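Chemist: Input file: query_15.cif. Contents: mmCIF, C-alpha atoms.
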data_entry
loop_
_atom_site.group_PDB
_atom_site.id
_atom_site.type_symbol
_atom_site.label_atom_id
_atom_site.label_comp_id
_atom_site.auth_asym_id
_atom_site.auth_seq_id
_atom_site.Cartn_x
_atom_site.Cartn_y
_atom_site.Cartn_z
ATOM 1 C CA MET A 17 144.752 0.353 102.313
ATOM 2 C CA SER A 18 147.698 0.603 104.710
ATOM 3 C CA ILE A 19 150.586 -1.747 104.122
ATOM 4 C CA SER A 20 151.519 -1.805 107.812
ATOM 5 C CA ASN A 21 147.983 -2.848 108.737
ATOM 6 C CA LEU A 22 148.025 -5.607 106.139
ATOM 7 C CA THR A 23 151.346 -6.874 107.450
ATOM 8 C CA GLY A 24 150.071 -6.917 111.016
ATOM 9 C CA SER A 25 146.898 -8.676 109.935
ATOM 10 C CA ASN A 26 148.942 -11.304 108.115
ATOM 11 C CA ALA A 27 150.958 -11.944 111.262
ATOM 12 C CA ALA A 28 147.746 -12.405 113.226
ATOM 13 C CA VAL A 29 146.329 -14.785 110.620
ATOM 14 C CA ILE A 30 149.571 -16.778 110.550
ATOM 15 C CA ALA A 31 149.532 -17.042 114.337
ATOM 16 C CA GLN A 32 145.931 -18.252 114.160
ATOM 17 C CA MET A 33 146.872 -20.827 111.504
ATOM 18 C CA ASN A 34 149.730 -22.143 113.621
ATOM 19 C CA SER A 35 147.423 -22.334 116.626
ATOM 20 C CA ALA A 36 144.857 -24.239 114.586
ATOM 21 C CA SER A 37 147.595 -26.543 113.321
ATOM 22 C CA SER A 38 148.682 -27.418 116.869
ATOM 23 C CA ALA A 39 145.096 -27.993 117.965
ATOM 24 C CA SER A 40 144.491 -30.235 114.980
ATOM 25 C CA ALA A 41 147.519 -32.390 115.783
ATOM 26 C CA ALA A 42 146.489 -32.732 119.445
ATOM 27 C CA ASN A 43 142.871 -33.683 118.682
ATOM 28 C CA GLN A 44 143.340 -35.654 115.455
ATOM 29 C CA ALA A 45 141.263 -38.610 116.523
ATOM 30 C CA ASN A 46 138.120 -36.707 117.547
ATOM 31 C CA ASN A 47 138.206 -33.341 115.786
ATOM 32 C CA THR A 48 139.857 -33.990 112.432
ATOM 33 C CA ALA A 49 137.053 -32.615 110.300
ATOM 34 C CA THR A 50 136.667 -29.430 112.378
ATOM 35 C CA SER A 51 140.399 -28.735 112.542
ATOM 36 C CA GLN A 52 140.824 -29.402 108.827
ATOM 37 C CA ALA A 53 138.096 -26.926 107.981
ATOM 38 C CA GLN A 54 139.618 -24.324 110.311
ATOM 39 C CA LEU A 55 143.081 -24.741 108.809
ATOM 40 C CA THR A 56 141.774 -24.510 105.270
ATOM 41 C CA GLY A 57 139.681 -21.445 106.067
ATOM 42 C CA ASN A 58 142.616 -19.658 107.708
ATOM 43 C CA LEU A 59 144.871 -20.552 104.788
ATOM 44 C CA ASN A 60 142.416 -19.086 102.298
ATOM 45 C CA THR A 61 142.102 -15.935 104.398
ATOM 46 C CA PHE A 62 145.890 -15.592 104.510
ATOM 47 C CA LEU A 63 146.211 -15.979 100.742
ATOM 48 C CA THR A 64 143.499 -13.358 100.145
ATOM 49 C CA MET A 65 145.171 -10.873 102.475
ATOM 50 C CA LEU A 66 148.618 -11.573 101.022
ATOM 51 C CA THR A 67 147.339 -10.991 97.500
ATOM 52 C CA THR A 68 145.647 -7.763 98.568
ATOM 53 C CA GLN A 69 148.847 -6.631 100.258
ATOM 54 C CA LEU A 70 150.856 -7.164 97.061
ATOM 55 C CA LYS A 71 148.282 -5.321 94.952
ATOM 56 C CA ASN A 72 148.215 -2.324 97.275
ATOM 57 C CA GLN A 73 151.848 -2.007 98.288
ATOM 58 C CA ASP A 74 153.606 1.309 97.721
ATOM 59 C CA PRO A 75 155.953 0.961 94.699
ATOM 60 C CA LEU A 76 158.333 3.410 96.411
ATOM 61 C CA SER A 77 158.308 1.377 99.642
ATOM 62 C CA PRO A 78 157.617 -2.273 98.800
ATOM 63 C CA THR A 79 157.037 -4.987 101.389
ATOM 64 C CA ASP A 80 160.189 -6.058 103.145
ATOM 65 C CA SER A 81 161.511 -9.134 101.318
ATOM 66 C CA THR A 82 162.532 -10.967 104.517
ATOM 67 C CA GLN A 83 159.107 -10.501 106.039
ATOM 68 C CA PHE A 84 157.433 -11.587 102.810
ATOM 69 C CA THR A 85 159.636 -14.711 102.638
ATOM 70 C CA ASN A 86 158.799 -15.599 106.233
ATOM 71 C CA GLN A 87 155.095 -15.339 105.451
ATOM 72 C CA LEU A 88 155.490 -17.664 102.465
ATOM 73 C CA VAL A 89 157.438 -20.176 104.580
ATOM 74 C CA GLN A 90 154.704 -20.208 107.212
ATOM 75 C CA TYR A 91 152.084 -20.573 104.493
ATOM 76 C CA SER A 92 153.989 -23.605 103.205
ATOM 77 C CA GLU A 93 154.138 -25.129 106.695
ATOM 78 C CA VAL A 94 150.391 -24.814 107.183
ATOM 79 C CA GLU A 95 149.756 -26.268 103.726
ATOM 80 C CA GLN A 96 151.926 -29.247 104.638
ATOM 81 C CA GLN A 97 149.991 -29.667 107.905
ATOM 82 C CA ILE A 98 146.737 -29.804 105.946
ATOM 83 C CA ASN A 99 148.183 -32.524 103.695
ATOM 84 C CA ILE A 100 149.497 -34.473 106.709
ATOM 85 C CA ASN A 101 146.103 -34.306 108.428
ATOM 86 C CA SER A 102 144.405 -35.536 105.282
ATOM 87 C CA ASN A 103 146.824 -38.457 104.954
ATOM 88 C CA LEU A 104 146.440 -39.350 108.640
ATOM 89 C CA GLN A 105 142.673 -39.358 108.274
ATOM 90 C CA THR A 106 143.003 -41.728 105.330
ATOM 91 C CA LEU A 107 145.259 -44.065 107.352
ATOM 92 C CA ILE A 108 142.874 -43.982 110.318
ATOM 93 C CA GLY A 109 139.980 -44.868 108.025
ATOM 94 C CA LEU A 110 141.916 -47.799 106.557
ATOM 95 C CA GLN A 111 142.852 -49.024 110.035
ATOM 96 C CA LYS A 112 139.232 -48.868 111.217
ATOM 97 C CA GLY A 113 138.096 -50.752 108.141
ATOM 98 C CA SER A 114 140.719 -53.428 108.743
ATOM 99 C CA SER A 115 139.722 -53.810 112.414
ATOM 100 C CA GLN A 116 136.044 -54.127 111.552
ATOM 101 C CA ALA A 117 136.772 -56.696 108.843
ATOM 102 C CA THR A 118 138.803 -58.729 111.336
ATOM 103 C CA ALA A 119 136.047 -58.459 113.949
ATOM 104 C CA ILE A 120 133.347 -59.600 111.523
ATOM 105 C CA SER A 121 135.370 -62.752 110.789
ATOM 106 C CA TYR A 122 134.943 -63.737 114.470
ATOM 107 C CA ILE A 123 131.139 -63.937 114.274
ATOM 108 C CA GLY A 124 129.957 -67.473 115.069
ATOM 109 C CA GLN A 125 133.307 -68.495 116.528
ATOM 110 C CA ALA A 126 134.236 -69.270 120.126
ATOM 111 C CA VAL A 127 136.933 -66.977 121.470
ATOM 112 C CA SER A 128 138.927 -66.371 124.621
ATOM 113 C CA ALA A 129 139.423 -62.788 125.830
ATOM 114 C CA THR A 130 141.033 -61.126 128.812
ATOM 115 C CA GLY A 131 138.613 -59.498 131.240
ATOM 116 C CA ASN A 132 136.242 -60.204 134.095
ATOM 117 C CA SER A 133 132.865 -59.574 132.391
ATOM 118 C CA LEU A 134 131.282 -63.005 132.013
ATOM 119 C CA PRO A 135 128.355 -63.777 129.673
ATOM 120 C CA LEU A 136 125.855 -66.344 130.940
ATOM 121 C CA GLU A 137 124.034 -67.790 127.916
ATOM 122 C CA ASN A 138 121.473 -70.578 127.994
ATOM 123 C CA GLY A 139 122.447 -71.257 131.594
ATOM 124 C CA GLN A 140 126.099 -71.810 130.764
ATOM 125 C CA SER A 141 129.314 -69.794 131.078
ATOM 126 C CA ASN A 142 133.030 -70.475 130.935
ATOM 127 C CA PHE A 143 136.046 -68.618 132.260
ATOM 128 C CA SER A 144 139.555 -69.191 133.539
ATOM 129 C CA TYR A 145 141.846 -67.709 136.157
ATOM 130 C CA THR A 146 145.644 -67.615 136.070
ATOM 131 C CA LEU A 147 147.901 -67.558 139.128
ATOM 132 C CA PRO A 148 151.504 -66.327 138.738
ATOM 133 C CA ALA A 149 152.565 -68.346 141.791
ATOM 134 C CA ASN A 150 151.259 -71.097 144.053
ATOM 135 C CA ALA A 151 148.591 -69.955 146.486
ATOM 136 C CA THR A 152 147.235 -71.469 149.684
ATOM 137 C CA LYS A 153 143.783 -69.924 149.379
ATOM 138 C CA VAL A 154 141.749 -69.028 146.295
ATOM 139 C CA SER A 155 138.112 -67.948 146.229
ATOM 140 C CA ILE A 156 135.947 -66.861 143.326
ATOM 141 C CA THR A 157 133.022 -64.470 143.582
ATOM 142 C CA LEU A 158 130.366 -63.873 140.940
ATOM 143 C CA GLN A 159 128.264 -60.695 140.893
ATOM 144 C CA ASP A 160 125.334 -59.634 138.744
ATOM 145 C CA SER A 161 125.113 -56.373 136.792
ATOM 146 C CA ALA A 162 123.786 -54.571 139.883
ATOM 147 C CA GLY A 163 126.848 -55.563 141.926
ATOM 148 C CA ASN A 164 125.033 -58.155 144.039
ATOM 149 C CA THR A 165 126.996 -61.282 144.927
ATOM 150 C CA VAL A 166 125.102 -64.241 143.473
ATOM 151 C CA ALA A 167 127.587 -67.067 144.002
ATOM 152 C CA THR A 168 130.945 -67.967 145.505
ATOM 153 C CA MET A 169 133.130 -70.826 144.321
ATOM 154 C CA SER A 170 135.912 -72.899 145.771
ATOM 155 C CA ALA A 171 138.737 -72.783 143.236
ATOM 156 C CA PRO A 172 139.602 -76.254 141.862
ATOM 157 C CA SER A 173 143.334 -75.514 142.086
ATOM 158 C CA ALA A 174 145.672 -73.123 143.887
ATOM 159 C CA THR A 175 148.802 -73.971 141.904
ATOM 160 C CA ALA A 176 150.480 -71.548 139.543
ATOM 161 C CA GLY A 177 149.047 -71.634 136.027
ATOM 162 C CA THR A 178 145.721 -71.348 134.225
ATOM 163 C CA HIS A 179 142.617 -73.156 135.477
ATOM 164 C CA LEU A 180 139.319 -73.515 133.628
ATOM 165 C CA ILE A 181 135.944 -73.067 135.313
ATOM 166 C CA SER A 182 132.333 -73.471 134.163
ATOM 167 C CA TRP A 183 129.306 -71.955 135.873
ATOM 168 C CA ASN A 184 125.778 -73.076 135.113
ATOM 169 C CA GLY A 185 124.099 -70.027 136.639
ATOM 170 C CA THR A 186 123.253 -71.637 139.982
ATOM 171 C CA ASN A 187 123.318 -69.039 142.752
ATOM 172 C CA SER A 188 124.177 -69.412 146.437
ATOM 173 C CA SER A 189 120.533 -70.201 147.281
ATOM 174 C CA GLY A 190 120.365 -72.990 144.735
ATOM 175 C CA GLY A 191 118.238 -70.965 142.323
ATOM 176 C CA GLN A 192 118.937 -70.253 138.685
ATOM 177 C CA GLU A 193 120.304 -66.856 137.653
ATOM 178 C CA PRO A 194 118.968 -65.422 134.381
ATOM 179 C CA ASP A 195 121.146 -65.091 131.307
ATOM 180 C CA GLY A 196 123.076 -61.829 131.239
ATOM 181 C CA ALA A 197 126.356 -60.186 132.187
ATOM 182 C CA TYR A 198 128.174 -61.109 135.396
ATOM 183 C CA SER A 199 131.537 -60.109 136.832
ATOM 184 C CA ILE A 200 134.260 -62.406 138.160
ATOM 185 C CA SER A 201 136.469 -61.647 141.121
ATOM 186 C CA VAL A 202 139.333 -63.959 142.144
ATOM 187 C CA ALA A 203 140.974 -63.501 145.548
ATOM 188 C CA ALA A 204 144.180 -65.451 146.123
ATOM 189 C CA SER A 205 146.793 -65.362 148.882
ATOM 190 C CA ASP A 206 149.949 -67.201 149.888
ATOM 191 C CA ALA A 207 150.825 -68.935 153.149
ATOM 192 C CA SER A 208 151.696 -65.594 154.778
ATOM 193 C CA GLY A 209 148.387 -64.066 153.782
ATOM 194 C CA ASN A 210 149.936 -61.866 151.118
ATOM 195 C CA PRO A 211 147.644 -61.312 148.113
ATOM 196 C CA ILE A 212 148.490 -62.890 144.777
ATOM 197 C CA ALA A 213 147.238 -61.037 141.708
ATOM 198 C CA ALA A 214 145.190 -63.358 139.519
ATOM 199 C CA THR A 215 144.094 -62.579 135.958
ATOM 200 C CA THR A 216 140.913 -63.845 134.307
ATOM 201 C CA ASN A 217 139.805 -64.777 130.814
ATOM 202 C CA VAL A 218 136.243 -65.229 129.609
ATOM 203 C CA TYR A 219 134.996 -67.499 126.837
ATOM 204 C CA GLY A 220 132.015 -67.207 124.553
ATOM 205 C CA VAL A 221 130.631 -67.356 121.031
ATOM 206 C CA VAL A 222 130.725 -64.069 119.120
ATOM 207 C CA SER A 223 127.238 -63.076 117.993
ATOM 208 C CA GLY A 224 127.884 -59.584 116.624
ATOM 209 C CA VAL A 225 130.222 -56.610 116.273
ATOM 210 C CA THR A 226 129.875 -52.996 117.427
ATOM 211 C CA SER A 227 132.077 -50.002 116.679
ATOM 212 C CA ASP A 228 132.052 -46.408 117.908
ATOM 213 C CA PRO A 229 134.649 -43.630 118.445
ATOM 214 C CA THR A 230 134.607 -44.006 122.232
ATOM 215 C CA ASN A 231 134.939 -47.778 122.681
ATOM 216 C CA GLY A 232 136.403 -48.773 119.324
ATOM 217 C CA THR A 233 135.583 -52.151 117.796
ATOM 218 C CA GLN A 234 134.003 -54.630 120.196
ATOM 219 C CA LEU A 235 132.759 -58.209 119.920
ATOM 220 C CA GLN A 236 129.348 -59.120 121.311
ATOM 221 C CA MET A 237 129.299 -62.295 123.391
ATOM 222 C CA GLY A 238 125.814 -62.617 124.773
ATOM 223 C CA ALA A 239 125.192 -59.616 127.034
ATOM 224 C CA VAL A 240 128.896 -58.735 127.187
ATOM 225 C CA ASN A 241 130.889 -56.544 124.796
ATOM 226 C CA VAL A 242 134.589 -57.410 124.594
ATOM 227 C CA PRO A 243 137.176 -55.080 123.001
ATOM 228 C CA LEU A 244 138.688 -56.662 119.909
ATOM 229 C CA THR A 245 142.153 -56.032 121.359
ATOM 230 C CA ASN A 246 141.304 -58.271 124.353
ATOM 231 C CA VAL A 247 140.873 -61.403 122.231
ATOM 232 C CA THR A 248 143.659 -63.870 122.974
ATOM 233 C CA SER A 249 142.638 -66.881 120.895
ATOM 234 C CA ILE A 250 140.039 -68.450 118.609
ATOM 235 C CA LEU A 251 138.774 -71.772 119.918
ATOM 236 C CA PRO A 252 137.393 -74.872 118.152
ATOM 237 C CA ALA A 253 133.615 -75.046 117.870
ATOM 238 C CA SER A 254 133.455 -77.722 120.594
ATOM 239 C CA ALA A 255 135.834 -75.923 122.974
ATOM 240 C CA LEU A 256 133.169 -74.427 125.223
ATOM 241 C CA THR A 257 131.361 -77.737 125.617
ATOM 242 C CA SER A 258 134.667 -79.457 126.337
ATOM 243 C CA THR A 259 135.666 -76.792 128.820
ATOM 244 C CA SER A 260 132.360 -77.136 130.621
ATOM 245 C CA SER A 261 132.557 -80.890 130.969
ATOM 246 C CA SER A 262 136.199 -80.906 132.113
ATOM 247 C CA SER A 263 135.867 -78.135 134.693
ATOM 248 C CA SER A 264 134.762 -78.569 138.288
ATOM 249 C CA THR A 265 132.538 -76.032 140.006
ATOM 250 C CA ASN A 266 131.581 -75.945 143.654
ATOM 251 C CA THR A 267 128.907 -73.371 144.419
ATOM 252 C CA LYS A 268 128.386 -72.844 148.132
ATOM 253 C CA ALA A 269 124.869 -72.799 149.417
#
I'd like the structure from this file rewritten - as structure tokens, please.
Modeler:
Amino acid sequence: MSISNLTGSNAAVIAQMNSASSASAANQANNTATSQAQLTGNLNTFLTMLTTQLKNQDPLSPTDSTQFTNQLVQYSEVEQQININSNLQTLIGLQKGSSQATAISYIGQAVSATGNSLPLENGQSNFSYTLPANATKVSITLQDSAGNTVATMSAPSATAGTHLISWNGTNSSGGQEPDGAYSISVAASDASGNPIAATTNVYGVVSGVTSDPTNGTQLQMGAVNVPLTNVTSILPASALTSTSSSSSTNTKA
């Protein structure tokens, strides 16, 4: 077996290991298991080839010590990367477990969350809009899951601050919309007609928890899934009833 060929092969394997290491760091969240297996496999291949090289080197012309040292240093770096990836995976697993445990504790509780996806349950829904400045005109539009406008509302207040609204599912024709997911759109403008950006919060009782790699941990509120990170507060059990009775809604026919 040629020593020069072994040395060249080692360089190629090391380059492949470094490439795999970079790919593993860039795709840690989605491809940890695949990258870890690739790194480990390349490391084992490198060790086998290095051992073979030492066994078959020419005693009269041994492997250059500098080159050999460099190979060992790179081996050490890849080994450290494998350990780092393993530790990161452990931390990610602990974080996911913590998030899911927190989410489960919300089941049965009323919460407030940022967003414009509104759950209508048992003919009742609650949301709020916040204006950063006083407006002269504010209108609220509700759409169903197909994007059809089902109702428009006259906002109860155009002053800066947060304003609570309840909607009982009555549409613009006076009929009753079925329970499900609806979207809220708030259009506000000042005296000069300049738009004012309003933010919305939705309220509901958490009935379940979902978790997947794409969307993370989400809370189920009726037909709407809300990211756990969007939750802004936990409300008293009577909060939704209180909000409903204290809010004014004007649905145009």
Chemist: Let me make sure I understand: among A:Thr245, A:Thr178, A:Gln192, A:Thr67, which one has the smallest atom-to-atom distance to Pro148 of chain A if we use only C-alpha atoms?
Modeler: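 Smallest separation from Pro148 of chain A among the options: A:Thr178.
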Chemist: May I ask for the distance between atom CA of Ala176 of chain A and atom CA of Tyr198 of chain A, given in Å to one decimal place?
Modeler: 25.0 Å
Chemist: What do you get, as number ranges by chain, if you spell out every residue that the PyMOL selection byres ((chain A and resi 140) around 8) selects here?
Modeler: A: 136-139, 141-142, 182-185
Chemist: For a test of reading the model, state the distance in Å between atom CA of Ala207 of chain A and atom CA of Thr152 of chain A, rounded to one decimal.
Modeler: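 For atom CA of Ala207 of chain A relative to atom CA of Thr152 of chain A, the distance reads 5.6 Å.
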Chemist: Could you check the closest approach to Thr233 of chain A for each of A:Thr165, A:Thr118, A:Ser199, A:Ser144 and tell me which residue wins, using only C-alpha atoms?
Modeler: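 That would be A:Thr118, the residue with the smallest distance to Thr233 of chain A.
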Chemist: Pick from A:Asn101, A:Asn241, A:Asn150, A:Ser208: nearest to Ser227 of chain A, with all atoms listed in the file counted?
Modeler: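 Looking at the shortest contact to Ser227 of chain A, the residue is A:Asn241.
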Chemist: So which one's closest to Thr168 of chain A, A:Pro135, A:Gly124, A:Gly190, A:Pro229? Using only C-alpha atoms, please.
Modeler: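 For Thr168 of chain A, the nearest of the given residues is A:Gly190.
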Chemist: Select, counting all atoms listed in the file, all protein, DNA and RNA residues no farther than 9 Å from (123.1, -62.1, 131.3) in file coordinates, and express the selection as a PyMOL selection string.
Modeler: chain A and resi 134-137+160-161+193-198+238-240
Chemist: Would you mind reading off the distance between atom CA of Ala174 of chain A and atom CA of Gln159 of chain A, one decimal, in Å?
Modeler: 21.6 Å
Chemist: So which one's closest to Asn132 of chain A, A:Ala149, A:Gly209, A:Gln234, A:Ser201? Using all atoms listed in the file, please.
Modeler: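 Checking each candidate against Asn132 of chain A, we get A:Ser201 as the closest.
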Chemist: Which one is closest to Thr157 of chain A: A:Ala117, A:Val247, A:Ile123, A:Ile200? Count only C-alpha atoms.
Modeler: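 Using only C-alpha atoms, the shortest distance to Thr157 of chain A belongs to A:Ile200.
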Chemist: Give me, as a list in words, all polymer residues having an atom no more than 7 Å from Gln236 of chain A, counting all atoms listed in the file and skipping those fewer than 3 positions away in the same chain.
Modeler: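 Close residues of Gln236 of chain A: Val222, Ser223, Gly224, Val225, Val240, Asn241 and Val242 of chain A.
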Chemist: Which polymer residues have any atom within 12 Å of an atom of Asn210 of chain A, counting only C-alpha atoms, with same-chain residues fewer than 4 positions away left out, as a VMD selection string?
Modeler: chain A and resid 149 to 154 203 to 206
Chemist: Can you turn the PyMOL selection byres ((chain A and resi 248) around 8) into a concrete residue list for this file, as a ChimeraX atom specification?
Modeler: /A:127-130,246-247,249-250
